[in-house]
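J.: Before we start, here is the structure in question, set down as structure tokens.
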Amino acid sequence: MQAWLFLACFTYYWSNFGRGATMLQKMEQVDIDRIIEDFEDMTRNAERVQKETLKKILEQNGQAEYLQKLGLNGRTDVESFKSCVPLVTHQDLEPYIQRITDGDASPILTGKPITTISLSSGTSQGKPKFLPFTDELFESTMEIYRTSYAFRNREFPITNGKALQFIYSSKQFKTKGGLNAGTATTNLFRNSQFRDKMKAIQSQSCSPNEVIFGSDFHQSLYCHLLCGLIYRDEVQFVFSTFAHSIVHAFETFVQHWEELCTDIQEGILRYWVTDPSIRASMSKLLKPNPELADVIYQKCSGLSQRNWYGLIPELFPNAKYVYGIMTGSMEPYLKKLRNYAGWLRLVCADYGSSEGWIAANVNPKSPPESATFAVLPDIGYFEFIPLKENGVSHGHLEPDPVGLMEVNVGEEYEVIITNFAGLYRYRLGDVVKVMGFHNSTPELKFICRRNLLLTVNIDKNTEKDLQLAVEEAARGLAVGKVDVVDFTSHVDRSTEPGHYVIFWELSGDADESVLRECCNCLDRSFVDAGYVSSRKVGNIGPLELRIVQKGTFQKILEHYLALGAALSQFKTPRCVGSSNKAVLQILFNNVLESYLSSAFG
């Protein structure tokens with residue numbers, strides 16, 4: 001999501017409407033065998049489905065100004081489409097999207113008027129992107145959810161229990177032209193059809209809607225935890241959009257478990273939970289229960305002695321798995337998540353972005369590190385630009401994109417998407433690797449964001465390169481039982497030559513000698529040929545490791561929340577550009593110590 005795998009917001013919570021007796025009703029059943037059969041049939045005929053999908057998109061949006069200007073003249077075949085329609089980025093479409101947000105209701109990008117705008121998280125570029133959100137995008141979301149649910153429920157059947165979901169909705173607002181605007185998750189949550197569409201593929205959420213739509217995410221998170229504990233024996237799985245959000249939730253639990261026990265024992269909610277709607281809804285659930293409080297207290301007393309290993313299954317003994325996006329920028333959180341999850345399986349959510357959906361996880365037993373995602377050929381028209389190592393194109397000229405069935409196993413590509421919401425040959429910016437095929441549709445592994453590059457000279461290091469370097473260097477902290485809590489990077493060109501700056505927040509104190517060697521190891525771990533050669537001849541300066549205060553990345557999170565981002569959609573920016581002055585200032589203001597590499601002399 002970064003397109004990362006971003007928004008697989010498996011948000012089942014709308015079933016909370018009409019709580020009480022209806023909470024115990026048996027869930028409407030779906031025919032998962034039929035869903036899987038339909039998917040198998042579609043993916044066996046991916047080429048035909050792709051052509052039909054493109055034809056449908058162009059017929060539906062043929063009157064759009066954007067397509068009219070390109071001279072398609074009603075043609076809907078693949079060859080005409082590729083010859084007339086150029087590859088674009090969001091920047092190319094911004095003038096068109098701006099007219100839409102300002103209230104121009106004419107067919108600009110789509111045949112039908114756009115009434116809702118989605119905002120990306122803004123963590124990749126420092127500010128959110130505005131994107132059209134349509135009924136067709138909503139329907140493709142539902143198709144992805146149904147598909148992955150069917151495969152997941154075949155492997156891990158859930159009964160009529162509940163789900164502990166750490167989900168949060170930010171507020172919608174009106175654009176200058178009167179359109180509803182909000183994060184992609186918020187627009188999905190607030191869609192009038194969402195509750196009915198999701199009923200058949202969900203467990204009941206532990207938390208009432210008032211908690212999900214609360215005005216303060218700290219209060220909402222605390223009450224999510226409280227609701228989960230109240231229904232601990234009924235929880236069948238734990239979910240949040242991103243692994244980071246799940247880790248954050250249980251780190252909060254570790255800090256506040258005694259307060260939670262007191263609230264359960266006395267049946268009184270903390271005084272600092274002041275949101276009236278949250279307090280009113282929680283008063284209906286929270287009753288004095290000394291027996292439950294004692295069980296939780298005893299479990300936590302033991303868990304605290306073993307670094308909270310197995311916290312989730314200990315608290316929720318009937319949980320079957322933990323579910324969320326765990327690839328890409330979420331991989332650094334897997335170690336901590338596995339500690340909390342203990343023996344529970346980690347199941348990856350699907351692959352999509354703020355711009356649209358791409359693929360479903362139809363192999364839910366695969367661990368996050370090897371998760372792949374099968375492209376649904378009917379939710380968009382997909383192309384792929386061949387790349388070589390590190391997401392760099394061959395030579396100086398970029399290769400022509402290839403179609404969905406023309407990709408090769410083992411090779412990397414940049415994803416190009418055409419969808420029903422007015423994006424045509426849109427460069428998503430994701431680098432994926434083709435791991436195999438499910439029938440005739442490719443199974444993709446997300447690698448990194450192509451535009452998140454550390455580069456000073458001829459060097460090109462991706463987000464994945466950064467992650468691998470941090471993992472390698474962090475091994476040096478193990479002797480002192482210190483972990484990297486979170487990290488990011490920046491290219492400092494304020495002095496000549498420019499150099500990489502890596503920011504670490506640590507779980508504890510580390511010796512200066514250890515940190516100096518970590519700094520050297522970071523420098524050596526960037527193995528890109530352009531970087532190594534530039535460092536050797538002095539065209540790139542020594543890498544700098546800066547240690548920041550505890551809580552620095554929490555301040556970054558709260559900065560983005562203050563801008564309107566939803567916690568469900570937040571991802572730590574791994575490369576902070578010079579234009580993102582607010583986040584840079586947070587980092588600079590919290591530096592405790594700094595080290596320069598001597599790895600290259």
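The way I read the labels, and the way they are meant: chains A, B, ... in the order of the structure tokens, residue 1 as the first residue of every chain, and ligand 1 as the first ligand shown, with later ones counted on from there.
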Would you kindly return, as an MDAnalysis selection string, each protein, DNA or RNA residue with an atom no farther than 8 Å from any atom of Ile586 in chain A, considering only C-alpha atoms and excluding same-chain residues fewer than 3 positions away?
T.: chainID A and resid 552 555:556 582:583 589:590
J.: Can you write out the residues you just picked, keeping N, CA and C atoms, as a JSON list (two decimals), in the first residue's frame?
T.:
```json
[["chain", "number", "residue", "atom", "x", "y", "z"],
["A", 552, "THR", "N", 10.25, 9.15, 19.01],
["A", 552, "THR", "CA", 10.37, 10.02, 17.83],
["A", 552, "THR", "C", 9.43, 9.58, 16.72],
["A", 555, "LYS", "N", 5.94, 10.51, 17.27],
["A", 555, "LYS", "CA", 5.68, 11.92, 16.91],
["A", 555, "LYS", "C", 5.43, 12.06, 15.41],
["A", 556, "ILE", "N", 6.16, 11.27, 14.62],
["A", 556, "ILE", "CA", 5.93, 11.29, 13.17],
["A", 556, "ILE", "C", 4.53, 10.78, 12.85],
["A", 582, "ALA", "N", 8.54, 19.06, 7.62],
["A", 582, "ALA", "CA", 7.99, 18.84, 8.96],
["A", 582, "ALA", "C", 8.54, 17.56, 9.58],
["A", 583, "VAL", "N", 8.57, 16.47, 8.80],
["A", 583, "VAL", "CA", 9.09, 15.21, 9.33],
["A", 583, "VAL", "C", 10.60, 15.31, 9.56],
["A", 589, "ASN", "N", 15.24, 17.34, 15.46],
["A", 589, "ASN", "CA", 15.05, 17.84, 16.82],
["A", 589, "ASN", "C", 15.20, 16.76, 17.89],
["A", 590, "ASN", "N", 15.21, 15.49, 17.47],
["A", 590, "ASN", "CA", 15.24, 14.41, 18.46],
["A", 590, "ASN", "C", 16.51, 13.56, 18.39]]
```
J.: Using backbone DSSP assignments, extract all helix (DSSP H, G or I) residues from range 496-588 of chain A; output them as a PyMOL selection string.
T.: chain A and resi 512-525+529-536+552-562+567-569+581-588
J.: When distances are computed from only C-alpha atoms, which of A:Thr572, A:Asn539, A:Ser366, A:Asn457 shows the smallest separation from Phe553 in chain A?
T.: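 Distance minimum relative to Phe553 in chain A lands on A:Thr572.
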J.: Mind checking which residues fall within 7 Å of range 221-230 of chain A, counting only C-alpha atoms, ignoring those fewer than 3 positions away in the same chain, and posting them as a PDB file with C-alpha atoms, in the first residue's frame?
T.:
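Okay, this is what ended up in result.pdb:
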```pdb
ATOM      1  CA  LEU A 164     -10.501  -8.079  17.311  1.00  0.00           C
ATOM      2  CA  PHE A 166      -7.736  -2.373  15.207  1.00  0.00           C
ATOM      3  CA  CYS A 206     -15.608  -6.750  19.191  1.00  0.00           C
ATOM      4  CA  SER A 207     -15.818  -2.955  19.048  1.00  0.00           C
ATOM      5  CA  VAL A 211     -15.027   3.293  18.882  1.00  0.00           C
ATOM      6  CA  PHE A 217      -7.241   7.374  18.045  1.00  0.00           C
ATOM      7  CA  HIS A 218      -5.630   6.948  21.506  1.00  0.00           C
ATOM      8  CA  ALA A 249      -1.738  -1.899  19.523  1.00  0.00           C
ATOM      9  CA  LEU A 260      -7.340  -2.259  31.513  1.00  0.00           C
TER      10      LEU A 260
END
```
